[in-house]
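Source file: entry13.pdb; contents: PDB, C-alpha atoms.
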```pdb
ATOM      1  CA  MET E   1      55.204 126.683 116.594
ATOM      2  CA  ASN E   2      55.308 129.902 118.600
ATOM      3  CA  TYR E   3      56.308 129.615 122.228
ATOM      4  CA  GLN E   4      58.415 131.338 124.811
ATOM      5  CA  VAL E   5      60.595 129.691 127.410
ATOM      6  CA  ARG E   6      60.163 131.326 130.818
ATOM      7  CA  LYS E   7      60.323 130.591 134.528
ATOM      8  CA  ALA E   8      57.296 128.674 135.720
ATOM      9  CA  THR E   9      54.753 130.189 138.083
ATOM     10  CA  LYS E  10      52.451 128.513 140.589
ATOM     11  CA  ASN E  11      49.688 128.693 138.013
ATOM     12  CA  ASP E  12      51.644 126.445 135.657
ATOM     13  CA  MET E  13      51.829 123.579 138.140
ATOM     14  CA  PRO E  14      48.651 121.765 137.005
ATOM     15  CA  GLN E  15      50.015 121.597 133.455
ATOM     16  CA  VAL E  16      53.504 120.732 134.741
ATOM     17  CA  LEU E  17      52.037 117.849 136.734
ATOM     18  CA  ALA E  18      50.193 116.703 133.606
ATOM     19  CA  LEU E  19      53.549 116.544 131.794
ATOM     20  CA  ILE E  20      55.100 114.573 134.666
ATOM     21  CA  GLN E  21      52.188 112.135 134.457
ATOM     22  CA  GLU E  22      52.451 111.942 130.666
ATOM     23  CA  LEU E  23      56.094 110.849 130.938
ATOM     24  CA  ALA E  24      55.280 108.289 133.641
ATOM     25  CA  ASP E  25      52.500 106.854 131.453
ATOM     26  CA  PHE E  26      54.935 106.655 128.527
ATOM     27  CA  GLU E  27      57.394 104.770 130.764
ATOM     28  CA  LYS E  28      54.555 102.444 131.862
ATOM     29  CA  GLU E  29      54.909 103.719 135.422
ATOM     30  CA  SER E  30      51.543 105.480 135.664
ATOM     31  CA  ASN E  31      51.055 104.651 139.329
ATOM     32  CA  ALA E  32      54.490 105.838 140.403
ATOM     33  CA  VAL E  33      53.485 109.512 140.462
ATOM     34  CA  GLU E  34      52.510 110.419 144.010
ATOM     35  CA  MET E  35      52.973 114.115 143.355
ATOM     36  CA  THR E  36      50.119 116.640 143.643
ATOM     37  CA  VAL E  37      49.724 120.191 142.372
ATOM     38  CA  ASP E  38      49.706 121.437 145.973
ATOM     39  CA  GLN E  39      52.969 119.671 146.728
ATOM     40  CA  LEU E  40      54.608 121.155 143.628
ATOM     41  CA  VAL E  41      53.435 124.626 144.624
ATOM     42  CA  GLN E  42      54.604 124.254 148.218
ATOM     43  CA  SER E  43      57.946 122.722 147.275
ATOM     44  CA  GLY E  44      58.810 125.058 144.443
ATOM     45  CA  PHE E  45      57.450 128.432 145.483
ATOM     46  CA  GLY E  46      57.916 128.672 149.244
ATOM     47  CA  ASN E  47      60.681 130.365 151.249
ATOM     48  CA  GLN E  48      63.165 127.601 150.553
ATOM     49  CA  SER E  49      62.178 126.362 147.143
ATOM     50  CA  ALA E  50      63.269 122.799 146.421
ATOM     51  CA  PHE E  51      63.504 123.393 142.660
ATOM     52  CA  GLN E  52      63.446 125.878 139.815
ATOM     53  CA  CYS E  53      61.139 125.123 136.896
ATOM     54  CA  PHE E  54      61.134 126.439 133.326
ATOM     55  CA  VAL E  55      58.276 126.032 130.873
ATOM     56  CA  ALA E  56      57.737 126.427 127.134
ATOM     57  CA  ASP E  57      54.538 128.439 126.883
ATOM     58  CA  ALA E  58      52.505 128.646 123.653
ATOM     59  CA  ASP E  59      49.660 131.039 124.394
ATOM     60  CA  SER E  60      49.194 129.610 127.926
ATOM     61  CA  VAL E  61      49.481 126.009 126.756
ATOM     62  CA  ILE E  62      52.573 124.453 128.348
ATOM     63  CA  LEU E  63      54.372 122.389 125.691
ATOM     64  CA  GLY E  64      57.281 121.336 127.852
ATOM     65  CA  MET E  65      59.100 121.834 131.120
ATOM     66  CA  ALA E  66      62.520 121.490 132.704
ATOM     67  CA  LEU E  67      62.991 121.162 136.439
ATOM     68  CA  VAL E  68      66.328 121.704 138.191
ATOM     69  CA  TYR E  69      67.756 122.059 141.690
ATOM     70  CA  PRO E  70      71.181 122.540 143.300
ATOM     71  CA  ARG E  71      73.437 119.681 144.298
ATOM     72  CA  PHE E  72      76.870 119.626 145.897
ATOM     73  CA  SER E  73      79.984 117.852 144.679
ATOM     74  CA  THR E  74      82.784 117.231 147.180
ATOM     75  CA  TRP E  75      85.230 117.655 144.294
ATOM     76  CA  VAL E  76      83.982 120.818 142.614
ATOM     77  CA  GLY E  77      81.327 122.382 144.872
ATOM     78  CA  LYS E  78      77.955 123.654 143.763
ATOM     79  CA  THR E  79      76.344 121.934 140.787
ATOM     80  CA  ILE E  80      72.908 121.893 139.137
ATOM     81  CA  HIS E  81      70.851 118.735 138.714
ATOM     82  CA  LEU E  82      68.419 118.467 135.828
ATOM     83  CA  GLU E  83      65.689 116.247 137.232
ATOM     84  CA  ASP E  84      63.204 116.335 134.341
ATOM     85  CA  LEU E  85      63.024 117.683 130.838
ATOM     86  CA  ILE E  86      59.673 116.778 129.322
ATOM     87  CA  VAL E  87      58.082 117.804 126.027
ATOM     88  CA  THR E  88      54.465 116.881 125.385
ATOM     89  CA  GLU E  89      54.151 114.273 122.641
ATOM     90  CA  LYS E  90      52.399 116.517 120.121
ATOM     91  CA  ALA E  91      55.164 119.157 120.371
ATOM     92  CA  ARG E  92      58.139 116.858 119.851
ATOM     93  CA  GLY E  93      60.528 117.611 116.997
ATOM     94  CA  SER E  94      59.704 121.318 117.079
ATOM     95  CA  GLY E  95      62.768 122.463 119.011
ATOM     96  CA  VAL E  96      60.981 122.830 122.356
ATOM     97  CA  GLY E  97      63.291 120.316 124.043
ATOM     98  CA  SER E  98      66.427 122.030 122.734
ATOM     99  CA  ALA E  99      65.133 125.421 123.820
ATOM    100  CA  LEU E 100      64.460 124.167 127.363
ATOM    101  CA  TYR E 101      67.851 122.431 127.474
ATOM    102  CA  LYS E 102      69.580 125.657 126.431
ATOM    103  CA  ARG E 103      67.622 127.609 129.048
ATOM    104  CA  VAL E 104      68.813 125.200 131.752
ATOM    105  CA  MET E 105      72.429 125.587 130.631
ATOM    106  CA  GLN E 106      72.094 129.386 130.624
ATOM    107  CA  TYR E 107      70.669 129.222 134.153
ATOM    108  CA  ALA E 108      73.537 126.978 135.285
ATOM    109  CA  ALA E 109      76.152 129.286 133.747
ATOM    110  CA  LYS E 110      74.571 132.272 135.498
ATOM    111  CA  GLN E 111      74.688 130.398 138.813
ATOM    112  CA  GLY E 112      78.389 129.856 138.212
ATOM    113  CA  VAL E 113      78.250 126.118 138.853
ATOM    114  CA  LYS E 114      81.019 123.759 137.845
ATOM    115  CA  ARG E 115      78.700 121.278 136.166
ATOM    116  CA  VAL E 116      75.168 120.225 135.329
ATOM    117  CA  GLU E 117      74.260 116.618 136.004
ATOM    118  CA  TRP E 118      71.357 114.344 135.147
ATOM    119  CA  ALA E 119      70.460 110.732 134.422
ATOM    120  CA  VAL E 120      69.620 109.024 131.146
ATOM    121  CA  LEU E 121      68.329 105.558 130.298
ATOM    122  CA  ASP E 122      71.239 103.711 128.700
ATOM    123  CA  TRP E 123      69.104 102.498 125.776
ATOM    124  CA  ASN E 124      67.828 105.982 124.923
ATOM    125  CA  GLU E 125      70.265 106.546 122.052
ATOM    126  CA  PRO E 126      68.545 109.641 120.552
ATOM    127  CA  ALA E 127      68.810 111.401 123.929
ATOM    128  CA  ILE E 128      72.405 110.235 124.450
ATOM    129  CA  ASN E 129      73.383 111.461 120.982
ATOM    130  CA  PHE E 130      71.785 114.825 121.656
ATOM    131  CA  TYR E 131      73.586 115.207 124.982
ATOM    132  CA  GLU E 132      76.966 114.128 123.633
ATOM    133  CA  LYS E 133      76.657 116.429 120.631
ATOM    134  CA  SER E 134      76.067 119.315 123.033
ATOM    135  CA  GLY E 135      79.303 118.529 124.894
ATOM    136  CA  ALA E 136      77.975 116.484 127.813
ATOM    137  CA  VAL E 137      79.658 113.253 128.910
ATOM    138  CA  VAL E 138      77.634 110.065 129.470
ATOM    139  CA  MET E 139      79.285 108.121 132.287
ATOM    140  CA  ARG E 140      78.175 104.637 131.427
ATOM    141  CA  ASP E 141      79.915 102.981 134.376
ATOM    142  CA  TRP E 142      77.984 104.955 136.991
ATOM    143  CA  ASP E 143      74.642 103.406 137.960
ATOM    144  CA  THR E 144      71.882 104.883 140.103
ATOM    145  CA  VAL E 145      71.053 103.199 143.417
ATOM    146  CA  GLN E 146      67.811 103.794 145.299
ATOM    147  CA  MET E 147      66.751 102.823 148.793
ATOM    148  CA  ARG E 148      62.984 103.244 148.870
ATOM    149  CA  GLU E 149      60.737 104.056 151.822
ATOM    150  CA  GLN E 150      59.523 100.522 152.551
ATOM    151  CA  GLN E 151      62.983  98.933 152.280
ATOM    152  CA  LEU E 152      64.427 101.766 154.350
ATOM    153  CA  LYS E 153      61.979 100.941 157.150
ATOM    154  CA  GLU E 154      62.778  97.242 156.910
ATOM    155  CA  PHE E 155      66.529  97.918 156.947
ATOM    156  CA  LEU E 156      66.251 100.048 160.073
ATOM    157  CA  ASN E 157      64.061  97.466 161.817
ATOM    158  CA  LYS E 158      66.572  94.639 161.291
TER
ATOM    159  CA  MET L   1      88.046  99.837 167.064
ATOM    160  CA  ASN L   2      86.233 102.349 169.248
ATOM    161  CA  TYR L   3      84.494 105.162 167.457
ATOM    162  CA  GLN L   4      81.283 107.123 167.532
ATOM    163  CA  VAL L   5      79.244 108.264 164.571
ATOM    164  CA  ARG L   6      78.133 111.859 164.986
ATOM    165  CA  LYS L   7      77.266 114.974 162.980
ATOM    166  CA  ALA L   8      80.353 116.695 161.649
ATOM    167  CA  THR L   9      81.427 120.119 162.859
ATOM    168  CA  LYS L  10      83.428 122.816 161.094
ATOM    169  CA  ASN L  11      86.526 121.557 162.904
ATOM    170  CA  ASP L  12      86.225 118.182 161.169
ATOM    171  CA  MET L  13      86.454 119.672 157.694
ATOM    172  CA  PRO L  14      90.261 119.389 157.299
ATOM    173  CA  GLN L  15      90.050 115.656 158.020
ATOM    174  CA  VAL L  16      86.916 115.323 155.860
ATOM    175  CA  LEU L  17      88.742 116.964 152.951
ATOM    176  CA  ALA L  18      91.660 114.574 153.511
ATOM    177  CA  LEU L  19      89.204 111.658 153.098
ATOM    178  CA  ILE L  20      87.787 113.206 149.915
ATOM    179  CA  GLN L  21      91.341 113.513 148.572
ATOM    180  CA  GLU L  22      92.179 109.958 149.657
ATOM    181  CA  LEU L  23      89.261 108.609 147.605
ATOM    182  CA  ALA L  24      90.196 110.721 144.582
ATOM    183  CA  ASP L  25      93.782 109.433 144.786
ATOM    184  CA  PHE L  26      92.468 105.867 144.962
ATOM    185  CA  GLU L  27      90.373 106.509 141.850
ATOM    186  CA  LYS L  28      93.465 107.991 140.139
ATOM    187  CA  GLU L  29      91.718 111.365 139.944
ATOM    188  CA  SER L  30      94.020 113.234 142.332
ATOM    189  CA  ASN L  31      93.775 116.526 140.465
ATOM    190  CA  ALA L  32      89.974 116.483 140.253
ATOM    191  CA  VAL L  33      89.521 117.789 143.795
ATOM    192  CA  GLU L  34      89.116 121.571 143.625
ATOM    193  CA  MET L  35      87.514 121.683 147.064
ATOM    194  CA  THR L  36      89.060 123.596 149.981
ATOM    195  CA  VAL L  37      88.449 123.445 153.731
ATOM    196  CA  ASP L  38      87.038 126.989 153.622
ATOM    197  CA  GLN L  39      84.580 126.039 150.888
ATOM    198  CA  LEU L  40      83.406 123.002 152.859
ATOM    199  CA  VAL L  41      82.913 125.158 155.959
ATOM    200  CA  GLN L  42      81.061 127.875 154.052
ATOM    201  CA  SER L  43      78.879 125.425 152.107
ATOM    202  CA  GLY L  44      78.000 123.111 154.970
ATOM    203  CA  PHE L  45      77.704 125.354 157.992
ATOM    204  CA  GLY L  46      76.204 128.606 156.789
ATOM    205  CA  ASN L  47      72.608 129.818 156.887
ATOM    206  CA  GLN L  48      71.572 127.629 153.992
ATOM    207  CA  SER L  49      73.801 124.612 154.316
ATOM    208  CA  ALA L  50      74.325 122.723 151.065
ATOM    209  CA  PHE L  51      74.898 119.407 152.837
ATOM    210  CA  GLN L  52      74.810 117.458 156.068
ATOM    211  CA  CYS L  53      77.913 115.501 157.028
ATOM    212  CA  PHE L  54      78.393 112.596 159.447
ATOM    213  CA  VAL L  55      81.743 111.348 160.691
ATOM    214  CA  ALA L  56      83.068 108.281 162.503
ATOM    215  CA  ASP L  57      85.247 109.717 165.241
ATOM    216  CA  ALA L  58      87.841 107.605 167.089
ATOM    217  CA  ASP L  59      89.298 109.900 169.739
ATOM    218  CA  SER L  60      89.301 112.893 167.369
ATOM    219  CA  VAL L  61      90.686 110.881 164.458
ATOM    220  CA  ILE L  62      88.077 110.798 161.679
ATOM    221  CA  LEU L  63      87.943 107.264 160.263
ATOM    222  CA  GLY L  64      85.153 107.870 157.785
ATOM    223  CA  MET L  65      82.498 110.279 156.610
ATOM    224  CA  ALA L  66      79.143 110.344 154.848
ATOM    225  CA  LEU L  67      77.850 113.463 153.123
ATOM    226  CA  VAL L  68      74.205 113.935 152.113
ATOM    227  CA  TYR L  69      71.865 116.648 150.841
ATOM    228  CA  PRO L  70      68.222 116.927 149.800
ATOM    229  CA  ARG L  71      66.992 116.306 146.279
ATOM    230  CA  PHE L  72      63.521 116.495 144.760
ATOM    231  CA  SER L  73      61.724 113.830 142.760
ATOM    232  CA  THR L  74      58.801 114.909 140.582
ATOM    233  CA  TRP L  75      57.210 111.525 141.303
ATOM    234  CA  VAL L  76      57.611 111.211 145.067
ATOM    235  CA  GLY L  77      58.802 114.587 146.404
ATOM    236  CA  LYS L  78      61.640 115.128 148.839
ATOM    237  CA  THR L  79      64.511 112.643 148.751
ATOM    238  CA  ILE L  80      68.021 112.418 150.207
ATOM    239  CA  HIS L  81      71.123 112.039 148.073
ATOM    240  CA  LEU L  82      74.165 110.275 149.465
ATOM    241  CA  GLU L  83      77.050 112.017 147.707
ATOM    242  CA  ASP L  84      79.983 110.348 149.448
ATOM    243  CA  LEU L  85      80.598 107.582 151.944
ATOM    244  CA  ILE L  86      84.331 107.238 152.534
ATOM    245  CA  VAL L  87      86.250 105.101 155.023
ATOM    246  CA  THR L  88      89.979 105.634 155.391
ATOM    247  CA  GLU L  89      91.966 102.674 154.088
ATOM    248  CA  LYS L  90      93.338 101.576 157.450
ATOM    249  CA  ALA L  91      89.845 101.424 159.008
ATOM    250  CA  ARG L  92      88.183  99.305 156.300
ATOM    251  CA  GLY L  93      86.536  96.057 157.333
ATOM    252  CA  SER L  94      85.903  97.305 160.855
ATOM    253  CA  GLY L  95      82.233  98.185 160.415
ATOM    254  CA  VAL L  96      82.779 101.938 160.053
ATOM    255  CA  GLY L  97      81.195 102.000 156.588
ATOM    256  CA  SER L  98      78.122 100.079 157.744
ATOM    257  CA  ALA L  99      77.743 102.348 160.766
ATOM    258  CA  LEU L 100      77.858 105.475 158.589
ATOM    259  CA  TYR L 101      75.441 103.915 156.087
ATOM    260  CA  LYS L 102      72.991 103.116 158.881
ATOM    261  CA  ARG L 103      73.320 106.648 160.263
ATOM    262  CA  VAL L 104      72.436 108.059 156.830
ATOM    263  CA  MET L 105      69.370 105.816 156.613
ATOM    264  CA  GLN L 106      68.260 106.852 160.109
ATOM    265  CA  TYR L 107      68.652 110.489 159.120
ATOM    266  CA  ALA L 108      66.625 109.920 155.944
ATOM    267  CA  ALA L 109      63.853 108.140 157.864
ATOM    268  CA  LYS L 110      63.699 110.993 160.356
ATOM    269  CA  GLN L 111      63.396 113.485 157.484
ATOM    270  CA  GLY L 112      60.451 111.461 156.210
ATOM    271  CA  VAL L 113      61.776 111.202 152.688
ATOM    272  CA  LYS L 114      60.466 108.702 150.169
ATOM    273  CA  ARG L 115      63.889 107.462 149.135
ATOM    274  CA  VAL L 116      67.644 107.766 149.422
ATOM    275  CA  GLU L 117      69.592 107.834 146.184
ATOM    276  CA  TRP L 118      73.246 107.601 145.221
ATOM    277  CA  ALA L 119      75.552 106.406 142.446
ATOM    278  CA  VAL L 120      77.810 103.372 142.273
ATOM    279  CA  LEU L 121      80.456 102.255 139.793
ATOM    280  CA  ASP L 122      78.957  99.308 137.914
ATOM    281  CA  TRP L 123      82.090  97.161 138.408
ATOM    282  CA  ASN L 124      82.178  97.703 142.172
ATOM    283  CA  GLU L 125      80.572  94.367 143.025
ATOM    284  CA  PRO L 126      81.367  94.404 146.793
ATOM    285  CA  ALA L 127      79.576  97.740 147.142
ATOM    286  CA  ILE L 128      76.668  96.623 144.944
ATOM    287  CA  ASN L 129      76.259  93.423 146.992
ATOM    288  CA  PHE L 130      76.270  95.413 150.217
ATOM    289  CA  TYR L 131      73.652  97.850 148.910
ATOM    290  CA  GLU L 132      71.395  95.127 147.517
ATOM    291  CA  LYS L 133      71.618  93.094 150.707
ATOM    292  CA  SER L 134      70.445  96.155 152.617
ATOM    293  CA  GLY L 135      67.353  96.458 150.414
ATOM    294  CA  ALA L 136      68.504  99.063 147.913
ATOM    295  CA  VAL L 137      67.897  98.682 144.181
ATOM    296  CA  VAL L 138      70.711  99.174 141.663
ATOM    297  CA  MET L 139      69.206 100.619 138.494
ATOM    298  CA  ARG L 140      71.705  99.423 135.938
ATOM    299  CA  ASP L 141      69.970 101.039 132.976
ATOM    300  CA  TRP L 142      70.283 104.586 134.348
ATOM    301  CA  ASP L 143      73.569 106.313 133.528
ATOM    302  CA  THR L 144      74.916 109.594 134.842
ATOM    303  CA  VAL L 145      75.384 112.486 132.411
ATOM    304  CA  GLN L 146      77.566 115.501 133.147
ATOM    305  CA  MET L 147      77.943 118.803 131.350
ATOM    306  CA  ARG L 148      81.113 120.369 132.703
ATOM    307  CA  GLU L 149      82.041 124.037 132.998
ATOM    308  CA  GLN L 150      84.227 124.298 129.905
ATOM    309  CA  GLN L 151      81.796 122.386 127.644
ATOM    310  CA  LEU L 152      78.913 124.399 129.078
ATOM    311  CA  LYS L 153      80.629 127.623 128.018
ATOM    312  CA  GLU L 154      81.364 126.220 124.563
ATOM    313  CA  PHE L 155      77.771 125.046 124.165
ATOM    314  CA  LEU L 156      76.392 128.479 125.058
ATOM    315  CA  ASN L 157      78.828 130.230 122.707
ATOM    316  CA  LYS L 158      77.777 128.175 119.675
TER
END
```
What would you get if you wrote out this structure as structure tokens?
Amino acid sequence: MNYQVRKATKNDMPQVLALIQELADFEKESNAVEMTVDQLVQSGFGNQSAFQCFVADADSVILGMALVYPRFSTWVGKTIHLEDLIVTEKARGSGVGSALYKRVMQYAAKQGVKRVEWAVLDWNEPAINFYEKSGAVVMRDWDTVQMREQQLKEFLNK
Amino acid sequence: MNYQVRKATKNDMPQVLALIQELADFEKESNAVEMTVDQLVQSGFGNQSAFQCFVADADSVILGMALVYPRFSTWVGKTIHLEDLIVTEKARGSGVGSALYKRVMQYAAKQGVKRVEWAVLDWNEPAINFYEKSGAVVMRDWDTVQMREQQLKEFLNK
């Protein structure tokens, strides 16, 4: 499969959103995606962009994407968070995911950050194996906590 | 104990760093803190601040701090990440932690974000109980993955 990994442009956002939706469907969370193309464009390509996105482009068909943004560690300073790395189902096993992963690590190294961080489902052994083989550490004792909008309102109204 | 929760200033950063170090010592990770006061000041109080910090101030003694920054979810958009919430040992059990937690949630609500997110050690039952009681959800199947500087270099040199 011939593709090139490059920075995403505004014009890629419809296909990027389709990938985000594809992953949500796969996770049986179809209705959880409140994102729109406009919101992606405004958030990612304005004066203060909220993320940086990379895509694997095969003749204008986007086979995969990786989306990152800066975070801050009180121990080591600036870090990069990998929010999503998605490869469309028909392109899996063709190296697209590895190429995007490598691109993210190159970007992080260029930014001079002390680490790249992301989250993985603890039952996703193929992903965990891939990450560990690349040198990443899976911290199995750290769980994610989320306070969502509705519960946040209720908490503040107590 | 009399204290007020307020936004941190540059002048609080020495005491904020002392709290960061206190937590690292408690976690037996004393040497993991590479942060300096200068770096905190530059990162948090420049043109593009990397974080927002709140402190519990008792007559200029900082009893606790909470440090947050924006993140971006491809499903729901802008979110807030709570990186650290630290209360000095001698002030624990006096409501300082709850007051800082509430301040963070108020800040998040004002920013109009869809959620607040953070990480917790899966064996820290008192913290987990507190979070769940407040309405937050602990996602026990999501683990944190980290690619650190040295491994990142090695990965890119392969």
Pick from L:Glu125, L:Asp25, L:Asp59, L:Glu83 nearest to chain E, counting all atoms listed in the file
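Of L:Glu125, L:Asp25, L:Asp59, L:Glu83, the one nearest chain E is L:Glu83, counting all atoms listed in the file.
What the PyMOL selection byres ((chain L and resi 145) around 7) matches in the given file is Glu117, Trp118, Ala119, Val120, Ala136, Val137, Val138 and Met139 of chain E; Asp143, Thr144, Gln146 and Met147 of chain L.
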Let's have the selection written as a PDB file, in the frame of the given file, with C-alpha atoms.
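Generated file (part-v5.pdb):
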```pdb
ATOM      1  CA  GLU E 117      74.260 116.618 136.004  1.00  0.00           C
ATOM      2  CA  TRP E 118      71.357 114.344 135.147  1.00  0.00           C
ATOM      3  CA  ALA E 119      70.460 110.732 134.422  1.00  0.00           C
ATOM      4  CA  VAL E 120      69.620 109.024 131.146  1.00  0.00           C
ATOM      5  CA  ALA E 136      77.975 116.484 127.813  1.00  0.00           C
ATOM      6  CA  VAL E 137      79.658 113.253 128.910  1.00  0.00           C
ATOM      7  CA  VAL E 138      77.634 110.065 129.470  1.00  0.00           C
ATOM      8  CA  MET E 139      79.285 108.121 132.287  1.00  0.00           C
TER       9      MET E 139
ATOM     10  CA  ASP L 143      73.569 106.313 133.528  1.00  0.00           C
ATOM     11  CA  THR L 144      74.916 109.594 134.842  1.00  0.00           C
ATOM     12  CA  GLN L 146      77.566 115.501 133.147  1.00  0.00           C
ATOM     13  CA  MET L 147      77.943 118.803 131.350  1.00  0.00           C
TER      14      MET L 147
END
```
Give me, as a PyMOL selection string, the residues of chain L touching chain E, with the criterion being at most 8 Å (counting all atoms listed in the file).
chain L and resi 20+32-35+39+50-51+69+71-77+83-84+102+105-106+109+113-123+134-149+151-156
One decimal, Å: what's the distance from CA of Asp12 (chain E) over to CA of Gln111 (chain E), could you say?
23.6 Å
Please enumerate the residues selected by the PyMOL selection byres ((chain L and resi 55) around 7) when evaluated against the supplied file, formatted as a list in words.
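Applying the PyMOL selection byres ((chain L and resi 55) around 7) to the structure shown produces Val5, Arg6, Lys7, Ala8, Cys53, Phe54, Ala56, Asp57, Ile62, Gly64, Met65 and Ala66 of chain L.
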Taking into account all atoms listed in the file, which residue in the set L:Asn11, L:Leu19, L:Phe26, L:Pro126 is nearest to Asp38 (chain L)?
L:Asn11
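The interatomic distance for the pair CA of Glu29 (chain L) and CA of Gly95 (chain L) works out to 26.1 Å.
Checking L:Ser94, L:Leu63, L:Thr88, L:Gln15 one by one against Met1 (chain L), counting only C-alpha atoms, you find the shortest gap at L:Ser94.
For the choices E:Val96, E:Val61, E:Val104, E:Val87, the atom-to-atom distance to Pro14 (chain E) is smallest for E:Val61 when using all atoms listed in the file.
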Just to confirm, what's the straight-line distance from CA of Phe45 (chain L) to CA of Met13 (chain L) in Å (one decimal)?
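Taking CA of Phe45 (chain L) and CA of Met13 (chain L), their separation equals 10.4 Å.
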